[in-house]
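Undergrad: Mind looking over this structure? Questions follow.
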Amino acid sequence: MAEIIQGERLTDAADIGAKNTEAHLEEALARQREAMVPQEEPDEDAEGRRYCLDCAEMIPQERVAAVQAVRCVACAAKRERFAKLTKGRGGAGRVMNDEEEFGGK
């Protein structure tokens, strides 16, 4: 946790609380930014355009800027649905094959 700078003399409890809250928020934001870094190496060309790791379609720059995406929206949604299906509850979850879930693609 970030500490209050030693030279600061905060005597008001509200000031101390505000500083501590600010420090906690900054740490939480830093963790969120770190979590947004893609765990997989993005597929980019020389001009900086990013392509989906699953279907090779170009990912819109807005999506890349917002979430550092390495997959297009459609492929990311498929992966999320598949992850939910395979998660299962107590090992009894039903897993569909690709043809059932994705229309035979």
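As shown in the structure tokens, the chain order sets the letters A, B, ...; within each chain, residues go from 1, and ligands are also counted from 1 in the order they appear.
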Skipping near chain neighbours, those fewer than 5 positions away, what residues fall within 12 Å of Gln39 (chain A) using only C-alpha atoms, listed as a list of chain:residue names?

TA: A:Glu34, A:Gln68, A:Ala69, A:Val70, A:Arg71

Undergrad: Set the distance at 12 Å and use only C-alpha atoms: which residues neighbour Arg63 (chain A) once local chain neighbours fewer than 6 positions away are removed? I'd like the list as a PyMOL selection string.

TA: chain A and resi 49-52+69-73+76

Undergrad: For CA of Leu29 (chain A) and CA of Ala65 (chain A), determine how far apart the two atoms are, in Å to one decimal place.

TA: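 One can read the CA of Leu29 (chain A) to CA of Ala65 (chain A) distance as 16.4 Å.
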
Undergrad: Which one is closest to Cys55 (chain A): A:Lys78, A:Asn20, A:Ala13, A:Glu41? Count only C-alpha atoms.

TA: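 With only C-alpha atoms as the atom set, the closest residue is A:Lys78.
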
Undergrad: So which residues touch Gly48 (chain A) within 10 Å, counting only C-alpha atoms, skipping near sequence neighbours fewer than 4 positions away, as a ChimeraX atom specification?

TA: /A:43-44,61

Undergrad: Just N, CA and C atoms for this one: save the residues we selected as an mmCIF file, in the first residue's frame.

TA:
```
data_model
loop_
_atom_site.group_PDB
_atom_site.id
_atom_site.type_symbol
_atom_site.label_atom_id
_atom_site.label_comp_id
_atom_site.auth_asym_id
_atom_site.auth_seq_id
_atom_site.Cartn_x
_atom_site.Cartn_y
_atom_site.Cartn_z
ATOM 1 N N ASP A 43 -1.441 -10.575 -32.720
ATOM 2 C CA ASP A 43 -1.048 -10.704 -34.117
ATOM 3 C C ASP A 43 -1.213 -9.330 -34.755
ATOM 4 N N GLU A 44 -0.102 -8.626 -34.957
ATOM 5 C CA GLU A 44 -0.137 -7.274 -35.521
ATOM 6 C C GLU A 44 0.723 -7.209 -36.767
ATOM 7 N N GLN A 61 -9.738 -0.746 -34.070
ATOM 8 C CA GLN A 61 -8.805 -0.029 -33.199
ATOM 9 C C GLN A 61 -9.461 0.377 -31.882
#
```

Undergrad: Please report, as a PyMOL selection string, each residue of region 6-94 of chain A to which DSSP assigns helix (DSSP H, G or I) when run on this structure's backbone.

TA: chain A and resi 13-36+61-67+73-87

Undergrad: Take the residues from that selection and write them out as a CSV table (one decimal), in the first residue's frame, keeping N, CA and C atoms.

TA:
```
chain,number,residue,atom,x,y,z
A,13,ALA,N,-8.7,13.9,10.4
A,13,ALA,CA,-9.1,12.5,10.1
A,13,ALA,C,-9.6,12.4,8.7
A,14,ALA,N,-10.4,13.4,8.3
A,14,ALA,CA,-11.0,13.3,6.9
A,14,ALA,C,-9.9,13.4,5.9
A,15,ASP,N,-8.9,14.2,6.1
A,15,ASP,CA,-7.7,14.3,5.1
A,15,ASP,C,-6.9,13.0,5.1
A,16,ILE,N,-6.7,12.4,6.2
A,16,ILE,CA,-6.0,11.2,6.3
A,16,ILE,C,-6.8,10.1,5.6
A,17,GLY,N,-8.1,10.0,5.8
A,17,GLY,CA,-8.9,9.0,5.2
A,17,GLY,C,-9.0,9.2,3.7
A,18,ALA,N,-9.1,10.5,3.2
A,18,ALA,CA,-9.1,10.8,1.8
A,18,ALA,C,-7.8,10.4,1.1
A,19,LYS,N,-6.7,10.6,1.8
A,19,LYS,CA,-5.4,10.2,1.2
A,19,LYS,C,-5.2,8.7,1.1
A,20,ASN,N,-5.7,8.0,2.2
A,20,ASN,CA,-5.6,6.6,2.2
A,20,ASN,C,-6.6,6.0,1.1
A,21,THR,N,-7.7,6.6,1.0
A,21,THR,CA,-8.7,6.1,-0.1
A,21,THR,C,-8.1,6.3,-1.5
A,22,GLU,N,-7.5,7.5,-1.7
A,22,GLU,CA,-6.8,7.8,-2.9
A,22,GLU,C,-5.7,6.8,-3.2
A,23,ALA,N,-4.9,6.4,-2.2
A,23,ALA,CA,-3.8,5.5,-2.4
A,23,ALA,C,-4.4,4.1,-2.8
A,24,HIS,N,-5.5,3.7,-2.1
A,24,HIS,CA,-6.1,2.4,-2.4
A,24,HIS,C,-6.6,2.4,-3.8
A,25,LEU,N,-7.3,3.4,-4.2
A,25,LEU,CA,-7.8,3.5,-5.6
A,25,LEU,C,-6.7,3.5,-6.6
A,26,GLU,N,-5.6,4.2,-6.4
A,26,GLU,CA,-4.5,4.1,-7.4
A,26,GLU,C,-3.9,2.7,-7.5
A,27,GLU,N,-3.8,2.0,-6.4
A,27,GLU,CA,-3.3,0.6,-6.4
A,27,GLU,C,-4.3,-0.3,-7.2
A,28,ALA,N,-5.6,-0.1,-6.9
A,28,ALA,CA,-6.6,-0.9,-7.6
A,28,ALA,C,-6.6,-0.6,-9.1
A,29,LEU,N,-6.4,0.6,-9.5
A,29,LEU,CA,-6.4,1.0,-10.9
A,29,LEU,C,-5.1,0.4,-11.6
A,30,ALA,N,-4.0,0.4,-10.9
A,30,ALA,CA,-2.8,-0.2,-11.4
A,30,ALA,C,-2.9,-1.7,-11.6
A,31,ARG,N,-3.6,-2.4,-10.7
A,31,ARG,CA,-3.9,-3.8,-10.8
A,31,ARG,C,-4.8,-4.1,-12.0
A,32,GLN,N,-5.8,-3.2,-12.2
A,32,GLN,CA,-6.7,-3.4,-13.4
A,32,GLN,C,-5.9,-3.2,-14.7
A,33,ARG,N,-5.1,-2.2,-14.7
A,33,ARG,CA,-4.3,-1.9,-16.0
A,33,ARG,C,-3.4,-3.1,-16.3
A,34,GLU,N,-2.8,-3.6,-15.2
A,34,GLU,CA,-1.9,-4.8,-15.4
A,34,GLU,C,-2.7,-6.0,-15.9
A,35,ALA,N,-3.9,-6.2,-15.4
A,35,ALA,CA,-4.7,-7.3,-15.8
A,35,ALA,C,-5.2,-7.2,-17.3
A,36,MET,N,-5.2,-6.0,-17.8
A,36,MET,CA,-5.7,-5.8,-19.2
A,36,MET,C,-4.6,-6.1,-20.2
A,61,GLN,N,-9.7,-0.7,-34.1
A,61,GLN,CA,-8.8,0.0,-33.2
A,61,GLN,C,-9.5,0.4,-31.9
A,62,GLU,N,-10.8,0.7,-31.9
A,62,GLU,CA,-11.5,1.1,-30.7
A,62,GLU,C,-11.5,0.0,-29.7
A,63,ARG,N,-11.7,-1.3,-30.2
A,63,ARG,CA,-11.7,-2.4,-29.3
A,63,ARG,C,-10.3,-2.7,-28.7
A,64,VAL,N,-9.3,-2.6,-29.5
A,64,VAL,CA,-7.9,-2.8,-29.1
A,64,VAL,C,-7.5,-1.7,-28.0
A,65,ALA,N,-7.9,-0.5,-28.3
A,65,ALA,CA,-7.6,0.6,-27.3
A,65,ALA,C,-8.3,0.4,-26.0
A,66,ALA,N,-9.6,-0.1,-26.1
A,66,ALA,CA,-10.4,-0.2,-24.9
A,66,ALA,C,-10.0,-1.4,-24.0
A,67,VAL,N,-9.7,-2.5,-24.6
A,67,VAL,CA,-9.5,-3.7,-23.8
A,67,VAL,C,-8.2,-4.5,-24.2
A,73,VAL,N,-14.9,-9.5,-31.4
A,73,VAL,CA,-16.0,-9.7,-30.5
A,73,VAL,C,-16.6,-11.1,-30.6
A,74,ALA,N,-16.8,-11.5,-31.9
A,74,ALA,CA,-17.5,-12.8,-32.1
A,74,ALA,C,-16.7,-13.9,-31.5
A,75,CYS,N,-15.4,-14.0,-31.8
A,75,CYS,CA,-14.6,-15.1,-31.3
A,75,CYS,C,-14.4,-15.0,-29.7
A,76,ALA,N,-14.3,-13.8,-29.2
A,76,ALA,CA,-14.2,-13.7,-27.7
A,76,ALA,C,-15.5,-14.2,-27.1
A,77,ALA,N,-16.7,-13.9,-27.7
A,77,ALA,CA,-18.0,-14.3,-27.2
A,77,ALA,C,-18.1,-15.9,-27.2
A,78,LYS,N,-17.6,-16.5,-28.3
A,78,LYS,CA,-17.6,-17.9,-28.4
A,78,LYS,C,-16.8,-18.6,-27.4
A,79,ARG,N,-15.6,-18.0,-27.1
A,79,ARG,CA,-14.7,-18.5,-26.1
A,79,ARG,C,-15.3,-18.4,-24.7
A,80,GLU,N,-16.0,-17.3,-24.4
A,80,GLU,CA,-16.6,-17.1,-23.2
A,80,GLU,C,-17.8,-18.1,-23.0
A,81,ARG,N,-18.6,-18.3,-24.0
A,81,ARG,CA,-19.7,-19.3,-23.9
A,81,ARG,C,-19.1,-20.7,-23.7
A,82,PHE,N,-18.1,-21.0,-24.4
A,82,PHE,CA,-17.4,-22.4,-24.3
A,82,PHE,C,-16.9,-22.5,-22.9
A,83,ALA,N,-16.3,-21.5,-22.4
A,83,ALA,CA,-15.7,-21.6,-21.0
A,83,ALA,C,-16.8,-21.8,-20.0
A,84,LYS,N,-17.9,-21.2,-20.2
A,84,LYS,CA,-19.1,-21.4,-19.2
A,84,LYS,C,-19.6,-22.8,-19.3
A,85,LEU,N,-19.6,-23.3,-20.6
A,85,LEU,CA,-20.1,-24.7,-20.7
A,85,LEU,C,-19.2,-25.7,-20.1
A,86,THR,N,-17.9,-25.5,-20.3
A,86,THR,CA,-17.0,-26.5,-19.8
A,86,THR,C,-16.7,-26.4,-18.3
A,87,LYS,N,-17.1,-25.2,-17.7
A,87,LYS,CA,-16.9,-25.0,-16.3
A,87,LYS,C,-17.6,-26.1,-15.5
```
